[in-house]
Every structure is written in structure tokens, then in C-alpha cells.
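A short worksheet on the structure shown next.
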Amino acid sequence: MLYHLFDLLRDSGIPGVRLMDYITFRSGASFVLALFIALVFGRKIIDRLRQLQIGEIVRDLGLQGENTKKGTPTMGGIIIILAILIPCLLVGDLTNVYMLLMIISTIWLGILGFLDDYLKLKRHNKDGMKGKFKIIGQLGLGLIVGLTMWLSPDVVVRENTEVRPADSTETVVTYRPENVKSPQTTIPFVKNNNFDYQWLTKWMGEYGPTAGWIVFIIITILVVMAISNGANLTDGVDGLCAGTSAIIGVALLIMAYLGGHVVYASYLNILYIPESSELVVFMAAFIGALTGFLWYNANPAQVFMGDTGSLTIGGIIAVFAILTRKELLTPILCGIFLVENLSVMMQVSYYKYTKKRCGSPRRIFKCTPLHHHFQKSGADCPDAILRRPFNPVPEQKLVVRFWIVAILLAAITFVTLKIR
């Protein structure tokens, strides 16, 4: 709103009005506002949650310090959502299709997570919304994002290509002069770092382009579901999900800034996406909100984000990666979310298989999601294949180590774009 107000006053001669024209200024303002809201109003929201006796319901997994978490205010994701939306509404360009999609995604998954938390509290157990309804909600968001990217005339890309001038021994990255409507994305380890989903459907002749967009929409849905659920599973230790997501957010912010500037995009040899630089403003608010939330969520946590926060965080990361055409990099960048998902799938599958096959069920890990495996003693899990580390890892050390891994994965993601 302030952005559009300043736009009306652009020719008024008032000093400082044109500052809103700069993405860097608005991103900085967005980060500071989000951090301020999370820190100042977060305290008030936590007190209110405590007054309403909205406390965490902890499932007994036999973990150290588990009982101390019971009754801690939950649904703290409200803090994150407000700290993201308010700065974006104030300093964001609300006519930009990318900004609108991110705001819609935040509200959509915020409502989905809120309903899940509400049902848990109402029933006084960890069984909230049925899984099929979560999947339907995530599928719906994936459809909205995918169809908008297909049908909106404002969602275009400019293709990059490498050329070698006759008087030079080095290649130069150039961009085609026209914008194109294409389901292209960035992929590592290949020349020009581009992959077009229509390549998979070109055998369909005249229906190939349409089928290519359908494949893109299916990928969009799968990415939203995978990362949103992965973030949800990662939210089980104080500060783990918020800190990991903030690190991923920094990497995505850099990619969005580079991909939204034709000169900088050429350095990584990635697609130039016109008007996508507005996403930097949103991601700055996202990072600021998570940083402020960590003030209260770091061990020992004064508030938990609940599904209100974790489902929203994962969905934001997924949609942001899709809009910046980096969804195929998420298996590396969001590797922690991926491993958390896989650990649960492997554990459940192996448990059911051994129970049916042998009559005596066994486990692969001591406990899942994976971060709980490191918290549990090997002596308490004689039926687990992987019992090391035998002694539980202290929660603070576990969280910091996961953060370090997240930083390493973010660095590797950028490196893969330069290895061709």
C-alpha cells in the first residue's frame, strides 16, 4: 500500500519518494518490518495463546526433555504469517502476479495449518485433520499456481544461451530479445542450465506444448506437497524448522535477485524472469519473520509454530522455488526436508513389511522423523537396524548441526549451476 502511495507521489518532488523504486530498499524495509513485528507483537501473541491455554500436545516418544514441552503455547505460526503479510502489503507491489501468488499461498496454507492445529486442540490429541484433506488443500494450491503460470500473460521467461565471439576464446551468456511463454526451468549439470517440460511431450505433435504445461502443473503439485509435508515433519525440535527454512530462504532470495536481473542472471547462466525481482521483497519478509520467531522458538522454546507455521513455511518455499523456476533444485536445497520425508516412508514401509513377512516387526531407525533418531538412546531400541549414535545427541547440538548441513546444501545448490 505504501508502495502504491509513493508511486502516486512520484512526481510530487517530495524527497525520498523514489526510494520505493529500488528493490534493495524495499527488501531491506520488508526484512526490518517483519523482524520488528515478530519480535514485538510476537510476545503479545504468545501471552494471548497462553491465556487461552492453547498448549502443545506432546506424543510420548521416550525422548529427553519431552515432558518439559507439554503445555508450551502452539499455533505460533500466526506470528510468522502476520510478520510476512504485513510488510508485503505495505511495501510490495500488489499488481505483480508473483507477489500475489505468494500472498495467496501464504494465506491458503496458513488456513489449512490453522484448521489442523484447531482440530488437534479440540480433540486433545495429535490427530488433527485427516491426511487426505491436507493433500486436497496442497493439491488445490498446486493447481492454482500451475494454472496461473500457464495462463497468465505476465509469467514469461527470457531464454539464455552461450555464444563464443569470433575474436574471443571465452563463451559469453546472452539472452534472446523477446520474452516467451514456456514451461522451462533451471536444472544443474547441463549446458545453459535449462530444461523444457515440453521436451518430454514433443512426441505428441501439436498437443505437445499443452501436454508439457500439464506435466509442469503435475510437478508443481508434487513439489508443493513434498516440501510442505517435509517442513511439517521437520518441525519437531526447538528452532529446527525455523532455522533451516531461514537458511533455505536466503539461498532462494539470492537466486530470485539474480534471476530477476538480466545482467546478474548471466553470471549463473540461468533464465531471466522479467518482473520476478518483486519476489525478493517477499522473501526478505519471510527471512525476517523466521528470524524474529526464532527469538522465541530457540531452545527452550517459548512457543511452537504448529502446523499453522510448518505447513505454511514449506508451501512458501515450494511455491517460491516454482515461480523462480528452481523447483528441480529443491531436492538438493531442501535436502533436509527430503530426508525427513524419506525416513518416515522407509520406517513405515519396513515396519509393515517385517510384521507381515516375519511376524516380528522391526525398524530401520530408532525413531522417525530422522531428527528424533538422534535424540533417542540406542539401548531403548533393540529392534532398530541403525542404533548409532548410541547415546542421544543434545537438542541444541542437534539443531546447530542440522543448520550447518542446510548451509552446506545451499552452497552445493549454487555450485551445481556452475558445473556443466
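By convention in this document, the chains of the C-alpha cells carry letters A, B, ... by their order, each chain's residues are numbered from 1, and ligands are numbered from 1 in the order they are shown.
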So which residues touch A:Phe133 within 10 Å, counting only C-alpha atoms, skipping near sequence neighbours fewer than 4 positions away, as a PDB file with C-alpha atoms, in the first residue's frame?
```
ATOM      1  CA  LEU A 112      -5.031 -25.243   6.224  1.00  0.00           C
ATOM      2  CA  ASP A 116      -5.263 -28.810  11.581  1.00  0.00           C
ATOM      3  CA  MET A 129      -7.092 -33.007  10.090  1.00  0.00           C
ATOM      4  CA  GLY A 137      -5.561 -28.495   0.173  1.00  0.00           C
ATOM      5  CA  GLN A 138      -1.983 -28.770  -1.086  1.00  0.00           C
ATOM      6  CA  LEU A 139      -3.182 -30.127  -4.431  1.00  0.00           C
TER       7      LEU A 139
END
```
Going by DSSP on the backbone, which bits of stretch 36-280 of chain A are alpha helix (DSSP H)? Write them as a ChimeraX atom specification, please. /A:36-51,77-91,97-123,131-151,208-234,240-259,262-268,278-280
Where in stretch 20-235 of chain A does DSSP assign strand (DSSP E or B), given as a PyMOL selection string? chain A and resi 55+73+157-158+160-163+172-175+180+184-186+194-196
For the residues selected in the previous step, produce a file with N, CA, C and O atoms as a PDB file, in the first residue's frame.
```
ATOM      1  N   GLY A  55      -2.012 -24.985  24.382  1.00  0.00           N
ATOM      2  CA  GLY A  55      -0.717 -25.599  24.641  1.00  0.00           C
ATOM      3  C   GLY A  55      -0.455 -26.805  23.768  1.00  0.00           C
ATOM      4  O   GLY A  55      -1.382 -27.474  23.287  1.00  0.00           O
ATOM      5  N   PRO A  73       2.817 -22.908  24.539  1.00  0.00           N
ATOM      6  CA  PRO A  73       1.876 -22.376  23.545  1.00  0.00           C
ATOM      7  C   PRO A  73       2.228 -22.815  22.131  1.00  0.00           C
ATOM      8  O   PRO A  73       3.395 -22.800  21.735  1.00  0.00           O
ATOM      9  N   VAL A 157       9.449 -15.909 -19.556  1.00  0.00           N
ATOM     10  CA  VAL A 157      10.890 -16.040 -19.315  1.00  0.00           C
ATOM     11  C   VAL A 157      11.633 -15.548 -20.554  1.00  0.00           C
ATOM     12  O   VAL A 157      11.045 -15.393 -21.632  1.00  0.00           O
ATOM     13  N   ARG A 158      12.912 -15.308 -20.359  1.00  0.00           N
ATOM     14  CA  ARG A 158      13.771 -14.975 -21.487  1.00  0.00           C
ATOM     15  C   ARG A 158      14.920 -15.968 -21.492  1.00  0.00           C
ATOM     16  O   ARG A 158      15.658 -16.085 -20.511  1.00  0.00           O
ATOM     17  N   ASN A 160      18.307 -18.053 -22.089  1.00  0.00           N
ATOM     18  CA  ASN A 160      19.730 -17.783 -22.122  1.00  0.00           C
ATOM     19  C   ASN A 160      20.435 -18.772 -23.026  1.00  0.00           C
ATOM     20  O   ASN A 160      20.009 -19.912 -23.194  1.00  0.00           O
ATOM     21  N   THR A 161      21.511 -18.327 -23.619  1.00  0.00           N
ATOM     22  CA  THR A 161      22.314 -19.200 -24.468  1.00  0.00           C
ATOM     23  C   THR A 161      23.761 -18.750 -24.433  1.00  0.00           C
ATOM     24  O   THR A 161      24.051 -17.560 -24.214  1.00  0.00           O
ATOM     25  N   GLU A 162      24.664 -19.684 -24.626  1.00  0.00           N
ATOM     26  CA  GLU A 162      26.094 -19.365 -24.633  1.00  0.00           C
ATOM     27  C   GLU A 162      26.575 -19.187 -26.073  1.00  0.00           C
ATOM     28  O   GLU A 162      26.260 -19.996 -26.951  1.00  0.00           O
ATOM     29  N   VAL A 163      27.320 -18.118 -26.313  1.00  0.00           N
ATOM     30  CA  VAL A 163      27.912 -17.872 -27.637  1.00  0.00           C
ATOM     31  C   VAL A 163      29.394 -17.562 -27.449  1.00  0.00           C
ATOM     32  O   VAL A 163      29.815 -17.096 -26.387  1.00  0.00           O
ATOM     33  N   VAL A 172      30.255 -16.323 -23.920  1.00  0.00           N
ATOM     34  CA  VAL A 172      29.508 -15.242 -23.296  1.00  0.00           C
ATOM     35  C   VAL A 172      28.042 -15.648 -23.241  1.00  0.00           C
ATOM     36  O   VAL A 172      27.507 -16.200 -24.214  1.00  0.00           O
ATOM     37  N   VAL A 173      27.400 -15.385 -22.106  1.00  0.00           N
ATOM     38  CA  VAL A 173      25.979 -15.693 -21.963  1.00  0.00           C
ATOM     39  C   VAL A 173      25.160 -14.526 -22.492  1.00  0.00           C
ATOM     40  O   VAL A 173      25.334 -13.384 -22.063  1.00  0.00           O
ATOM     41  N   THR A 174      24.281 -14.801 -23.433  1.00  0.00           N
ATOM     42  CA  THR A 174      23.395 -13.774 -23.977  1.00  0.00           C
ATOM     43  C   THR A 174      21.944 -14.225 -23.808  1.00  0.00           C
ATOM     44  O   THR A 174      21.667 -15.402 -23.567  1.00  0.00           O
ATOM     45  N   TYR A 175      21.021 -13.277 -23.971  1.00  0.00           N
ATOM     46  CA  TYR A 175      19.600 -13.576 -23.825  1.00  0.00           C
ATOM     47  C   TYR A 175      18.855 -13.180 -25.086  1.00  0.00           C
ATOM     48  O   TYR A 175      19.181 -12.170 -25.725  1.00  0.00           O
ATOM     49  N   VAL A 180       9.248 -15.202 -23.736  1.00  0.00           N
ATOM     50  CA  VAL A 180       8.490 -16.340 -24.252  1.00  0.00           C
ATOM     51  C   VAL A 180       7.655 -16.960 -23.139  1.00  0.00           C
ATOM     52  O   VAL A 180       8.008 -16.894 -21.958  1.00  0.00           O
ATOM     53  N   GLN A 184       9.746 -23.725 -18.990  1.00  0.00           N
ATOM     54  CA  GLN A 184      11.159 -24.039 -18.793  1.00  0.00           C
ATOM     55  C   GLN A 184      11.535 -23.854 -17.323  1.00  0.00           C
ATOM     56  O   GLN A 184      10.907 -23.092 -16.594  1.00  0.00           O
ATOM     57  N   THR A 185      12.581 -24.537 -16.934  1.00  0.00           N
ATOM     58  CA  THR A 185      13.062 -24.436 -15.564  1.00  0.00           C
ATOM     59  C   THR A 185      14.568 -24.581 -15.547  1.00  0.00           C
ATOM     60  O   THR A 185      15.183 -24.921 -16.559  1.00  0.00           O
ATOM     61  N   THR A 186      15.156 -24.325 -14.392  1.00  0.00           N
ATOM     62  CA  THR A 186      16.606 -24.437 -14.233  1.00  0.00           C
ATOM     63  C   THR A 186      16.956 -25.836 -13.746  1.00  0.00           C
ATOM     64  O   THR A 186      16.317 -26.366 -12.842  1.00  0.00           O
ATOM     65  N   ASN A 194      19.099 -25.179 -18.586  1.00  0.00           N
ATOM     66  CA  ASN A 194      17.672 -25.091 -18.887  1.00  0.00           C
ATOM     67  C   ASN A 194      17.084 -26.465 -19.186  1.00  0.00           C
ATOM     68  O   ASN A 194      17.754 -27.327 -19.771  1.00  0.00           O
ATOM     69  N   PHE A 195      15.840 -26.650 -18.779  1.00  0.00           N
ATOM     70  CA  PHE A 195      15.098 -27.854 -19.143  1.00  0.00           C
ATOM     71  C   PHE A 195      13.672 -27.446 -19.431  1.00  0.00           C
ATOM     72  O   PHE A 195      13.040 -26.745 -18.639  1.00  0.00           O
ATOM     73  N   ASP A 196      13.167 -27.879 -20.585  1.00  0.00           N
ATOM     74  CA  ASP A 196      11.801 -27.560 -21.008  1.00  0.00           C
ATOM     75  C   ASP A 196      10.942 -28.811 -20.860  1.00  0.00           C
ATOM     76  O   ASP A 196      11.220 -29.843 -21.467  1.00  0.00           O
TER      77      ASP A 196
END
```
Take atom CA of A:Met204 and atom CA of A:Pro274 and report the distance between them in Å, one decimal.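 Between atom CA of A:Met204 and atom CA of A:Pro274 the gap is 29.8 Å.
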Within 9 Å of A:Leu109, counting only C-alpha atoms, which residues show up once you throw out same-chain ones fewer than 2 positions away? Write them as a list in words, please.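 The neighbour list is Ile104, Ser105, Thr106, Ile107, Ile111, Leu112, Gly113, Phe114, Gly137, Gln138, Leu141, Ser228, Thr308, Gly309, Leu311, Thr312, Ile313, Gly315 and Ile316 of chain A.
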For stretch 407-410 of chain A: contacts at 7 Å, only C-alpha atoms, fewer than 5 positions along chain excluded, given as an mmCIF file with all heavy atoms, in the first residue's frame:
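Written out: part32.cif:
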```
data_model
loop_
_atom_site.group_PDB
_atom_site.id
_atom_site.type_symbol
_atom_site.label_atom_id
_atom_site.label_comp_id
_atom_site.auth_asym_id
_atom_site.auth_seq_id
_atom_site.Cartn_x
_atom_site.Cartn_y
_atom_site.Cartn_z
ATOM 1 N N ILE A 247 17.573 -20.448 6.329
ATOM 2 C CA ILE A 247 18.765 -20.669 5.505
ATOM 3 C C ILE A 247 18.372 -20.932 4.057
ATOM 4 O O ILE A 247 18.960 -20.368 3.117
ATOM 5 C CB ILE A 247 19.592 -21.842 6.069
ATOM 6 C CG1 ILE A 247 20.169 -21.466 7.435
ATOM 7 C CG2 ILE A 247 20.706 -22.242 5.109
ATOM 8 C CD1 ILE A 247 20.716 -22.632 8.221
ATOM 9 N N ILE A 248 17.369 -21.777 3.862
ATOM 10 C CA ILE A 248 16.861 -22.034 2.512
ATOM 11 C C ILE A 248 16.329 -20.740 1.896
ATOM 12 O O ILE A 248 16.544 -20.463 0.709
ATOM 13 C CB ILE A 248 15.754 -23.108 2.553
ATOM 14 C CG1 ILE A 248 16.334 -24.449 3.000
ATOM 15 C CG2 ILE A 248 15.069 -23.239 1.194
ATOM 16 C CD1 ILE A 248 15.286 -25.510 3.270
ATOM 17 N N ALA A 251 19.065 -18.550 0.403
ATOM 18 C CA ALA A 251 19.510 -19.064 -0.897
ATOM 19 C C ALA A 251 18.499 -18.712 -1.998
ATOM 20 O O ALA A 251 18.883 -18.288 -3.091
ATOM 21 C CB ALA A 251 19.714 -20.570 -0.817
ATOM 22 N N ILE A 332 18.121 -30.833 -3.652
ATOM 23 C CA ILE A 332 19.409 -30.515 -3.024
ATOM 24 C C ILE A 332 19.211 -29.441 -1.963
ATOM 25 O O ILE A 332 19.588 -29.613 -0.804
ATOM 26 C CB ILE A 332 20.437 -30.041 -4.075
ATOM 27 C CG1 ILE A 332 20.638 -31.094 -5.161
ATOM 28 C CG2 ILE A 332 21.777 -29.708 -3.405
ATOM 29 C CD1 ILE A 332 21.511 -30.637 -6.312
ATOM 30 N N LEU A 333 18.607 -28.319 -2.362
ATOM 31 C CA LEU A 333 18.457 -27.183 -1.460
ATOM 32 C C LEU A 333 17.626 -27.551 -0.232
ATOM 33 O O LEU A 333 17.965 -27.156 0.896
ATOM 34 C CB LEU A 333 17.799 -26.016 -2.203
ATOM 35 C CG LEU A 333 17.553 -24.730 -1.407
ATOM 36 C CD1 LEU A 333 18.864 -24.173 -0.868
ATOM 37 C CD2 LEU A 333 16.848 -23.692 -2.278
ATOM 38 N N GLY A 335 17.221 -30.527 1.012
ATOM 39 C CA GLY A 335 17.612 -31.908 1.278
ATOM 40 C C GLY A 335 17.184 -32.408 2.646
ATOM 41 O O GLY A 335 16.847 -33.585 2.805
#
```
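Restricting the calculation to only C-alpha atoms, the smallest distance between A:Met225 and any of A:Pro300, A:Pro394, A:Gly128, A:Gly314 is found for A:Gly314.
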